[in-house]
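Structure, as structure tokens:
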Amino acid sequence: MVAPPALPRLVVITDWRLPPGRLLGALARALEAGPEVAVQHRHPEATGRRFLEEARLLADLCRERGNPLFINGRLDVALLLGAHLHLPAQGAAPEDVRPHLPSGRLISAAVHDMEEARAASGADLALVSPVFAPGSKPGDTRAQLGPDGFQALAAALPCPALALGGITPERAGDVRGAAGFAVISAVLEAEDPAAAARALLAACPAQAMLRRP
């Protein structure tokens with residue numbers, strides 16, 4: 001039996017508002033922190049063609065370095081590129097897409113509340129947000145979960161939970177129950193993306209990322 005792929009402990013989500021060269025350069029530096037760093041391709045404003053072109057750039061980047069790539073919400077693009085899949089809230093359920101993914105592909109799910117935590121059944125990991133005010137979304141008016149709210153949702157999930165939303169290396173240690181972190185600006189806008197990624201990994205012990213039965 002083929003062993004399942006290792007789960008990432010840090011997911012860096014793309015922000016295509018940045019110049020492409022700067023974005024890809026920051027991602028390349030972040031991936032220097034090791035194979036436990038994954039990239040999630042997210043660009044809701046992009047046309048289908050542009051989304052695919054960007055995904056190909058990211059796939060090449062991740063493939064060269066041996067890092068996982070997750071595609072946000074697009075099963076077709078994930079299949080085309082041999083990538084993993086991230087399911088946004090209110091989208092398809094893990095049980096809906098699992099039969100269409102080859103063995104060894106991971107599914108991550110967005111979770112913001114208890115209802116979505118229950119709907120994440122069948123996912124390999126969940127991105128729980130917003131823990132703090134997102135640095136990449138200054139106009140976000142959603143209520144923050146805070147460390148206690150995150151911990152409650154993480155405990156209710158059938159899979160490991162990554163904390164998302166305003167996570168920085170300084171705040172990461174305050175989030176109990178996290179199997180890892182998902183970030184945007186904390187890495188992409190860091191002076192040293194590799195150092196920022198390593199600091200976030202160091203804030204979460206490797207043994208925390210365990211698959212749940």
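Please note that chains go A, B, ... in the order of the structure tokens, that every chain numbers its residues from 1, and that ligands are numbered from 1 in the order shown.
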Strand (DSSP E or B) positions in stretch 16-187 of chain A, given as an mmCIF file with N, CA and C atoms, in the first residue's frame:
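Once written, out-v9.cif looks like this:
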```
data_model
loop_
_atom_site.group_PDB
_atom_site.id
_atom_site.type_symbol
_atom_site.label_atom_id
_atom_site.label_comp_id
_atom_site.auth_asym_id
_atom_site.auth_seq_id
_atom_site.Cartn_x
_atom_site.Cartn_y
_atom_site.Cartn_z
ATOM 1 N N VAL A 37 6.101 23.131 3.624
ATOM 2 C CA VAL A 37 5.473 24.376 3.177
ATOM 3 C C VAL A 37 4.743 24.104 1.859
ATOM 4 N N ALA A 38 3.460 24.433 1.822
ATOM 5 C CA ALA A 38 2.659 24.263 0.615
ATOM 6 C C ALA A 38 2.225 25.634 0.104
ATOM 7 N N VAL A 39 1.843 25.658 -1.162
ATOM 8 C CA VAL A 39 1.287 26.866 -1.781
ATOM 9 C C VAL A 39 -0.167 26.589 -2.124
ATOM 10 N N GLN A 40 -1.029 27.565 -1.850
ATOM 11 C CA GLN A 40 -2.416 27.477 -2.315
ATOM 12 C C GLN A 40 -2.650 28.567 -3.353
ATOM 13 N N HIS A 41 -3.075 28.142 -4.548
ATOM 14 C CA HIS A 41 -3.355 29.099 -5.623
ATOM 15 C C HIS A 41 -4.781 29.605 -5.477
ATOM 16 N N LEU A 69 1.202 21.691 -3.926
ATOM 17 C CA LEU A 69 0.404 22.794 -4.465
ATOM 18 C C LEU A 69 -1.062 22.446 -4.315
ATOM 19 N N PHE A 70 -1.833 23.362 -3.722
ATOM 20 C CA PHE A 70 -3.283 23.230 -3.627
ATOM 21 C C PHE A 70 -3.932 24.230 -4.572
ATOM 22 N N ILE A 71 -4.965 23.795 -5.262
ATOM 23 C CA ILE A 71 -5.723 24.664 -6.158
ATOM 24 C C ILE A 71 -7.050 24.993 -5.486
ATOM 25 N N ASN A 72 -7.371 26.283 -5.415
ATOM 26 C CA ASN A 72 -8.571 26.728 -4.719
ATOM 27 C C ASN A 72 -9.808 26.577 -5.610
ATOM 28 N N HIS A 84 -3.144 19.150 -5.442
ATOM 29 C CA HIS A 84 -4.152 18.906 -4.423
ATOM 30 C C HIS A 84 -5.264 19.948 -4.568
ATOM 31 N N LEU A 85 -6.352 19.780 -3.821
ATOM 32 C CA LEU A 85 -7.523 20.630 -3.994
ATOM 33 C C LEU A 85 -7.930 21.271 -2.674
ATOM 34 N N HIS A 86 -8.207 22.579 -2.731
ATOM 35 C CA HIS A 86 -8.789 23.282 -1.579
ATOM 36 C C HIS A 86 -10.230 23.636 -1.894
ATOM 37 N N LEU A 87 -11.132 23.333 -0.965
ATOM 38 C CA LEU A 87 -12.556 23.593 -1.161
ATOM 39 C C LEU A 87 -12.993 24.804 -0.348
ATOM 40 N N ILE A 107 -7.242 16.859 0.141
ATOM 41 C CA ILE A 107 -8.318 17.843 0.108
ATOM 42 C C ILE A 107 -8.245 18.669 1.378
ATOM 43 N N SER A 108 -8.177 19.989 1.212
ATOM 44 C CA SER A 108 -8.309 20.884 2.353
ATOM 45 C C SER A 108 -9.637 21.616 2.222
ATOM 46 N N ALA A 109 -10.203 22.019 3.363
ATOM 47 C CA ALA A 109 -11.511 22.667 3.357
ATOM 48 C C ALA A 109 -11.470 23.928 4.202
ATOM 49 N N ALA A 110 -12.187 24.954 3.752
ATOM 50 C CA ALA A 110 -12.301 26.193 4.512
ATOM 51 C C ALA A 110 -13.378 26.033 5.575
ATOM 52 N N VAL A 111 -13.067 26.477 6.788
ATOM 53 C CA VAL A 111 -14.009 26.351 7.908
ATOM 54 C C VAL A 111 -14.024 27.671 8.679
ATOM 55 N N LEU A 125 -7.422 18.049 5.771
ATOM 56 C CA LEU A 125 -7.077 19.126 6.679
ATOM 57 C C LEU A 125 -8.033 20.278 6.444
ATOM 58 N N ALA A 126 -8.136 21.157 7.437
ATOM 59 C CA ALA A 126 -9.043 22.298 7.348
ATOM 60 C C ALA A 126 -8.276 23.578 7.623
ATOM 61 N N LEU A 127 -8.640 24.641 6.913
ATOM 62 C CA LEU A 127 -8.092 25.969 7.159
ATOM 63 C C LEU A 127 -9.169 26.753 7.893
ATOM 64 N N VAL A 128 -8.940 27.028 9.165
ATOM 65 C CA VAL A 128 -9.940 27.639 10.038
ATOM 66 C C VAL A 128 -9.641 29.125 10.183
ATOM 67 N N ALA A 161 -6.335 20.909 11.899
ATOM 68 C CA ALA A 161 -6.754 22.274 11.588
ATOM 69 C C ALA A 161 -5.555 23.201 11.511
ATOM 70 N N LEU A 162 -5.502 23.993 10.449
ATOM 71 C CA LEU A 162 -4.495 25.034 10.301
ATOM 72 C C LEU A 162 -5.158 26.373 10.588
ATOM 73 N N ALA A 163 -4.498 27.216 11.354
ATOM 74 C CA ALA A 163 -5.035 28.525 11.721
ATOM 75 C C ALA A 163 -4.730 29.533 10.621
ATOM 76 N N LEU A 164 -5.765 30.283 10.221
ATOM 77 C CA LEU A 164 -5.648 31.266 9.146
ATOM 78 C C LEU A 164 -6.280 32.578 9.604
ATOM 79 N N GLY A 180 -0.888 23.576 12.331
ATOM 80 C CA GLY A 180 -0.082 24.349 11.406
ATOM 81 C C GLY A 180 -0.763 25.675 11.160
ATOM 82 N N PHE A 181 -0.274 26.394 10.168
ATOM 83 C CA PHE A 181 -0.778 27.736 9.893
ATOM 84 C C PHE A 181 -0.926 27.948 8.396
ATOM 85 N N ALA A 182 -1.841 28.844 8.043
ATOM 86 C CA ALA A 182 -1.990 29.294 6.664
ATOM 87 C C ALA A 182 -1.898 30.809 6.673
ATOM 88 N N VAL A 183 -1.119 31.365 5.779
ATOM 89 C CA VAL A 183 -0.843 32.801 5.819
ATOM 90 C C VAL A 183 -0.794 33.383 4.409
#
```
Task: All residues 12 Å or closer to A:Gly82, only C-alpha atoms, same chain fewer than 4 positions away omitted, as a list of chain:residue names - done: A:Ala55, A:Arg56, A:Leu58, A:Ala59, A:Asp60, A:Cys62, A:Arg63, A:Pro68, A:Leu69, A:Phe70, A:Ile71, A:Leu75, A:Asp76, A:Val77, A:Ala78, A:Leu101, A:Pro102, A:Ser103, A:Gly104, A:Arg105, A:Leu106
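Of the residues under consideration (A:Leu153, A:Leu27, A:Ala33, A:Ala172), A:Leu27 shows the shortest atom-to-atom contact distance to A:Asp15 when counting only C-alpha atoms.
The environment of A:Ala26 within 8 Å, counting only C-alpha atoms and disregarding residues fewer than 5 places along the same chain, consists of Val187, Leu188, Glu189 and Pro193 of chain A.
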Task: DSSP alpha helix (DSSP H) residues within stretch 24-131 of chain A, as a PyMOL selection string - done: chain A and resi 24-30+48-65+75-81+94-97+114-119
Task: Surrounding residues of A:Pro134 excluding itself and chain neighbours under 6 positions, 9 Å, only C-alpha atoms, as JSON, numbers by chain - done: {"A": [140, 164, 165, 166, 167, 183, 184, 185]}
Since we have the selection now, will you write its residues out, keeping C-alpha atoms, as a PDB file, in the first residue's frame?
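The resulting file, selection-v8.pdb, is reproduced below:
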```pdb
ATOM      1  CA  ASP A 140     -12.771  42.378   6.522  1.00  0.00           C
ATOM      2  CA  LEU A 164      -5.648  31.266   9.146  1.00  0.00           C
ATOM      3  CA  GLY A 165      -6.226  34.989   9.499  1.00  0.00           C
ATOM      4  CA  GLY A 166      -3.779  37.509  10.897  1.00  0.00           C
ATOM      5  CA  ILE A 167      -1.267  34.817  11.822  1.00  0.00           C
ATOM      6  CA  VAL A 183      -0.843  32.801   5.819  1.00  0.00           C
ATOM      7  CA  ILE A 184      -0.685  35.416   3.120  1.00  0.00           C
ATOM      8  CA  SER A 185       0.982  38.681   4.111  1.00  0.00           C
TER       9      SER A 185
END
```
Open item on the list: Applying 12 Å and only C-alpha atoms, which residues near A:Ala179 remain after dropping the ones on its own chain fewer than 5 positions away? List them as an MDAnalysis selection string.
Closed with: chainID A and resid 7:11 36 124:128 150:151 154:155 157 159:164 172:173 200:212
Open item on the list: Using Å and a single decimal, report how far atom CA of A:Thr14 sits from atom CA of A:Glu54.
Closed with: 10.2 Å
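For the pair atom CA of A:Arg50 and atom CA of A:Ala123, the separation is 27.3 Å.
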Task: Counting only C-alpha atoms, the option among A:Pro19, A:Gly66, A:Gly48, A:Gly122 closest to A:Gly34 - done: A:Gly66
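Between A:Pro158 and the candidates A:Ala186, A:Ala92, A:Ala194, A:Ala120, the tightest atom-to-atom separation, counting only C-alpha atoms, involves A:Ala120.
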